[in-house]
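The structure file final-v5.cif is reproduced below (mmCIF, C-alpha atoms).
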data_target
loop_
_atom_site.label_atom_id
_atom_site.label_comp_id
_atom_site.auth_asym_id
_atom_site.auth_seq_id
_atom_site.Cartn_x
_atom_site.Cartn_y
_atom_site.Cartn_z
CA MET A 300 0.00 0.00 0.00
CA LYS A 301 2.91 2.34 0.75
CA LYS A 302 4.39 1.66 -2.74
CA ILE A 303 1.16 2.48 -4.61
CA ILE A 304 0.74 5.95 -3.15
CA PRO A 305 4.07 7.39 -4.40
CA LEU A 306 3.41 5.95 -7.88
CA TYR A 307 -0.03 7.52 -7.99
CA LEU A 308 1.34 10.87 -6.94
CA LEU A 309 4.07 10.61 -9.56
CA LEU A 310 1.56 9.94 -12.35
CA LEU A 311 -0.59 12.82 -11.14
CA LEU A 312 2.35 15.26 -11.16
CA VAL A 313 3.44 14.21 -14.65
CA GLY A 314 -0.10 14.69 -16.00
CA CYS A 315 -0.38 18.15 -14.50
CA LYS A 316 3.02 19.16 -15.93
CA LYS A 317 2.05 18.08 -19.49
CA SER A 318 -1.27 19.90 -19.22
CA THR A 319 0.50 23.08 -18.10
CA GLU A 320 3.03 22.86 -20.95
CA THR A 321 0.26 22.35 -23.51
CA ASN A 322 -1.69 25.37 -22.27
CA THR A 323 1.44 27.52 -22.20
CA LYS A 324 2.38 26.60 -25.75
CA GLY A 325 -1.15 27.32 -26.99
CA ALA A 326 -1.16 30.79 -25.45
CA ALA A 327 2.29 31.76 -26.70
CA SER A 328 1.88 30.64 -30.33
CA PRO A 329 -1.14 32.07 -32.19
CA SER A 330 -2.19 30.10 -35.23
CA PRO A 331 -1.19 31.35 -38.73
CA ALA A 332 -4.89 31.81 -39.56
CA LEU A 333 -5.24 34.35 -36.73
CA LYS A 334 -2.25 36.34 -37.96
CA ALA A 335 -3.63 36.46 -41.49
CA SER A 336 -6.95 37.66 -40.14
CA GLU A 337 -5.25 40.41 -38.14
CA LYS A 338 -3.28 41.57 -41.19
CA LYS A 339 -6.40 41.63 -43.36
CA GLU A 340 -8.28 43.67 -40.76
CA GLU A 341 -5.51 46.28 -40.61
CA HIS A 342 -5.48 46.50 -44.44
CA ASP A 343 -9.23 46.98 -44.58
CA ILE A 344 -9.03 49.88 -42.13
CA VAL A 345 -6.36 51.75 -44.11
CA LYS A 346 -7.70 51.19 -47.63
CA PRO A 347 -10.90 53.33 -47.49
CA ALA A 348 -8.94 56.39 -46.33
CA GLN A 349 -6.85 56.16 -49.48
CA THR A 350 -9.86 56.28 -51.81
CA ILE A 351 -11.95 59.04 -50.20
CA VAL A 352 -10.41 61.82 -52.31
CA LYS A 353 -9.80 61.45 -56.02
CA PRO A 354 -6.53 63.12 -57.04
CA GLN A 355 -5.88 64.87 -60.32
CA GLN A 356 -5.71 62.04 -62.82
CA GLU A 357 -3.32 63.53 -65.38
CA ASN A 358 -0.47 66.01 -65.28
CA ILE A 359 -1.47 68.32 -68.17
CA ASP A 360 -0.11 71.80 -68.87
CA PHE A 361 -3.51 73.47 -69.29
CA ILE A 362 -2.23 77.00 -68.67
CA ASN A 363 -0.28 76.93 -71.95
CA TYR A 364 -3.26 75.84 -74.05
CA SER A 365 -4.00 78.28 -76.83
CA ILE A 366 -7.37 80.06 -76.87
CA ASP A 367 -9.56 77.95 -79.18
CA ASP A 368 -10.29 80.00 -82.30
CA LEU A 369 -13.56 78.17 -83.03
CA GLU A 370 -15.13 79.81 -80.02
CA GLY A 371 -12.71 82.23 -78.43
CA ILE A 372 -13.39 83.61 -74.96
CA THR A 373 -17.14 84.06 -74.60
CA SER A 374 -19.58 84.91 -71.82
CA THR A 375 -21.17 82.15 -69.79
CA GLY A 376 -24.37 84.18 -69.67
CA THR A 377 -23.35 85.68 -66.35
CA GLU A 378 -21.76 89.10 -66.73
CA GLY A 379 -18.08 88.94 -65.89
CA VAL A 380 -17.69 85.13 -66.08
CA TYR A 381 -16.23 83.67 -69.28
CA ARG A 382 -15.52 80.33 -70.88
CA ASN A 383 -13.50 78.67 -73.62
CA PHE A 384 -13.84 75.11 -74.92
CA ASP A 385 -11.02 73.08 -76.46
CA PHE A 386 -12.58 71.73 -79.66
CA SER A 387 -9.46 69.74 -80.56
CA TYR A 388 -9.91 67.41 -77.54
CA ARG A 389 -6.11 67.14 -77.36
CA ASP A 390 -6.06 65.84 -73.77
CA GLY A 391 -9.70 64.98 -73.27
CA GLU A 392 -12.79 67.17 -72.96
CA THR A 393 -11.72 70.53 -71.54
CA LEU A 394 -13.82 73.58 -70.62
CA PHE A 395 -12.13 76.68 -69.16
CA ILE A 396 -14.05 78.97 -66.80
CA LEU A 397 -12.60 82.42 -65.97
CA VAL A 398 -13.79 84.39 -62.94
CA PRO A 399 -12.42 87.91 -62.16
CA LYS A 400 -10.43 88.01 -58.93
CA ILE A 401 -12.04 91.29 -57.85
CA GLY A 402 -15.54 89.85 -58.33
CA ALA A 403 -17.52 89.32 -61.54
CA ALA A 404 -19.96 92.23 -61.14
CA GLN A 405 -17.31 94.79 -60.24
CA TRP A 406 -14.95 93.70 -63.03
CA TYR A 407 -17.67 93.74 -65.69
CA SER A 408 -18.85 97.19 -64.65
CA GLN A 409 -15.33 98.55 -64.99
CA GLN A 410 -14.84 96.99 -68.43
CA ALA A 411 -18.24 98.00 -69.81
CA SER A 412 -17.61 101.62 -68.86
CA GLN A 413 -14.77 101.68 -71.41
CA TYR A 414 -17.13 100.84 -74.30
CA LYS A 415 -20.08 103.18 -73.78
CA ASP A 416 -20.62 103.80 -77.49
CA GLN A 417 -19.93 100.21 -78.60
CA ASP A 418 -21.19 96.68 -77.99
CA ALA A 419 -19.45 96.13 -74.66
CA ASP A 420 -19.83 92.34 -74.66
CA THR A 421 -18.35 91.94 -78.14
CA MET A 422 -15.42 94.22 -77.34
CA ILE A 423 -14.69 92.48 -74.03
CA ASP A 424 -14.80 89.03 -75.67
CA LYS A 425 -12.40 90.21 -78.37
CA LYS A 426 -10.01 91.75 -75.85
CA LEU A 427 -9.88 88.58 -73.75
CA SER A 428 -9.46 86.29 -76.76
CA GLN A 429 -6.29 88.14 -77.77
CA GLN A 430 -4.56 87.08 -74.54
CA SER A 431 -3.18 83.75 -73.32
CA PHE A 432 -4.52 81.79 -70.35
CA LYS A 433 -1.22 82.56 -68.60
CA GLY A 434 -1.82 86.27 -69.14
CA LEU A 435 -5.47 86.03 -68.12
CA SER A 436 -4.49 84.27 -64.88
CA LYS A 437 -3.16 87.59 -63.56
CA GLU A 438 -6.67 89.03 -63.58
CA PHE A 439 -8.84 85.89 -63.44
CA ASN A 440 -9.13 82.78 -61.33
CA ILE A 441 -9.13 79.92 -63.84
CA PHE A 442 -11.09 76.70 -63.38
CA ILE A 443 -11.35 73.70 -65.68
CA PHE A 444 -14.03 71.07 -66.16
CA HIS A 445 -12.09 68.15 -67.55
CA THR A 446 -12.90 64.61 -68.67
CA PRO A 447 -9.67 62.60 -69.21
CA LYS A 448 -9.19 61.16 -72.68
CA LYS A 449 -9.39 57.60 -71.38
CA TYR A 450 -13.14 58.17 -70.88
CA LEU A 451 -13.68 59.33 -74.48
CA LYS A 452 -14.33 57.31 -77.61
CA HIS A 453 -12.73 58.37 -80.89
CA THR A 454 -15.53 59.23 -83.35
CA PRO A 455 -13.85 60.78 -86.43
CA ASN A 456 -17.04 60.48 -88.52
CA LEU A 457 -19.07 62.67 -86.15
CA ASP A 458 -18.97 66.45 -85.64
CA ALA A 459 -17.05 65.95 -82.39
CA PRO A 460 -13.86 63.88 -82.84
CA TYR A 461 -14.35 62.33 -79.40
CA THR A 462 -17.53 61.29 -77.59
CA PRO A 463 -17.82 60.93 -73.78
CA GLN A 464 -18.53 57.39 -72.58
CA ILE A 465 -20.38 55.95 -69.59
CA PRO A 466 -19.11 55.43 -66.94
CA ARG A 467 -16.70 58.35 -66.59
CA THR A 468 -15.55 60.99 -64.10
CA LEU A 469 -15.72 64.74 -64.64
CA PHE A 470 -13.08 66.67 -62.68
CA VAL A 471 -12.82 70.34 -61.68
CA TYR A 472 -9.31 71.79 -61.47
CA GLU A 473 -8.25 75.18 -60.13
CA TYR A 474 -5.12 77.01 -61.24
CA ASN A 475 -2.67 78.29 -58.62
CA THR A 476 -0.62 81.23 -59.93
CA THR A 477 1.91 80.98 -57.10
CA ASN A 478 3.39 77.59 -58.00
CA ASN A 479 1.96 77.17 -61.51
CA SER A 480 -0.03 74.07 -60.60
CA TRP A 481 -3.53 72.65 -60.90
CA LYS A 482 -5.47 71.30 -57.95
CA THR A 483 -8.47 68.96 -58.07
CA ILE A 484 -11.23 70.69 -56.09
CA ASP A 485 -14.24 68.57 -57.04
CA TYR A 486 -15.44 65.75 -59.29
CA PHE A 487 -18.65 64.10 -60.48
CA ASP A 488 -19.06 60.40 -61.31
CA ILE A 489 -21.35 59.64 -64.25
CA LYS A 490 -22.49 56.04 -63.96
CA ASN A 491 -25.64 55.95 -66.11
CA ASP A 492 -27.79 58.03 -68.50
CA ASN A 493 -29.65 59.71 -65.64
CA ASP A 494 -26.36 61.05 -64.32
CA GLU A 495 -25.81 62.96 -67.58
CA VAL A 496 -28.58 65.42 -66.68
CA LYS A 497 -27.35 65.62 -63.09
CA ALA A 498 -23.82 66.33 -64.30
CA ASN A 499 -25.01 69.27 -66.41
CA GLU A 500 -26.94 70.68 -63.47
CA TRP A 501 -23.95 70.17 -61.19
CA ARG A 502 -21.65 72.01 -63.64
CA GLU A 503 -24.08 74.92 -64.03
CA ASN A 504 -24.56 75.24 -60.27
CA PHE A 505 -20.82 75.09 -59.71
CA THR A 506 -20.21 77.87 -62.26
CA SER A 507 -23.01 79.97 -60.79
CA LYS A 508 -21.47 79.74 -57.32
CA LEU A 509 -18.11 80.83 -58.72
CA SER A 510 -19.65 83.92 -60.29
CA SER A 511 -21.35 85.00 -57.07
CA SER A 512 -18.29 84.66 -54.85
CA GLU A 513 -14.81 86.14 -54.81
CA ARG A 514 -12.86 82.91 -54.57
CA LYS A 515 -9.24 83.42 -53.60
CA VAL A 516 -6.32 81.32 -54.81
CA ASN A 517 -2.92 81.23 -53.06
CA GLY A 518 -0.90 84.14 -54.32
CA THR A 519 -3.82 86.18 -55.66
CA PRO A 520 -4.81 89.53 -54.09
#

Mind turning the file's structure into structure tokens?
Amino acid sequence: MKKIIPLYLLLLLVGCKKSTETNTKGAASPSPALKASEKKEEHDIVKPAQTIVKPQQENIDFINYSIDDLEGITSTGTEGVYRNFDFSYRDGETLFILVPKIGAAQWYSQQASQYKDQDADTMIDKKLSQQSFKGLSKEFNIFIFHTPKKYLKHTPNLDAPYTPQIPRTLFVYEYNTTNNSWKTIDYFDIKNDNDEVKANEWRENFTSKLSSSERKVNGTP
């Protein structure tokens, strides 16, 4: 009876030791599946933050575009705010919007006063069309509605050499005279036919807001 008790205690101690070692190993060594899950969760958290803002898609030297002779600089219908469209579609669909830095109403009033006995609008359009966008940037804040060429289909048999496709993204860029750069300030995703109408409304509303405010760009007075 005295020999059985020590053997029993020995077996009991060995069993407890193995159980402790097993538990310790399990706690210290996570499974590969858990690590993969942790890595995936971290990636999922970071990824959305990288796609919230759409950057400028192409590095294009818009400021050195020539004024398109087919249209020239013309009024948007709002006194003091002007536009020019690039009918060559050289880098996509490009529409320039020019807004006087001192405010559209004040600038137009000053210009019109110089042409009291003439058609003020015609004379102003002609004067602006004789300048470059670089020159105009001294007096105007310049914005661009731009659809990159990758969203256009080549249609040489139609009036327009390129036709916008669906889906596509329409960007708005703003020129900074200080460092000669363009910044993406807004964009509109066109995913279906219904969005075409919404895009036109969005563009008109955006232009209207520009004409009623004195938007400042770094380096402008």

Target residues per the PyMOL selection byres ((chain A and resi 487-498) around 9), formatted as a list in words: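 That expression, the PyMOL selection byres ((chain A and resi 487-498) around 9), corresponds here to Ile465, Pro466, Arg467, Thr468, Leu469, Phe470, Val471, Asp485, Tyr486, Asn499, Glu500, Trp501, Arg502 and Glu503 of chain A.
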
Nearest-residue call for Ile366 of chain A, choices A:Ser387, A:Gln413, A:Ser428, A:Ser507, using all atoms listed in the file: A:Ser428

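If you measure from each of A:Thr393, A:Asn475, A:Asn363, A:Thr506 to Lys437 of chain A using only C-alpha atoms, the closest one turns out to be A:Asn475.
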
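Near Ala411 of chain A, within a cut-off of 9 Å and counting all atoms listed in the file, sit the residues Trp406, Asp418, Ala419, Asp420, Met422 and Ile423 of chain A, with same-chain residues fewer than 5 positions away left out.
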
Computed interatomic separation between atom CA of Lys400 of chain A and atom CA of Tyr474 of chain A (Å): 12.4 Å

Evaluate the PyMOL selection byres ((chain A and resi 448-456) around 9) and report residues as a count of residues only: 19

Atom CA of His445 of chain A to atom CA of Gln429 of chain A, distance in Å rounded to a single decimal: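 Straight-line distance from atom CA of His445 of chain A to atom CA of Gln429 of chain A works out to 23.2 Å.
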
Separation of atom CA of Pro399 of chain A from atom CA of Gly379 of chain A in Å: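 We find that atom CA of Gly379 of chain A and atom CA of Pro399 of chain A lie 6.9 Å from each other.
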
Spatial neighbours of Gln430 of chain A, max dist 10 Å, only C-alpha atoms, sep filter under 5 positions, as a ChimeraX atom specification: /A:365-366,372,425,435
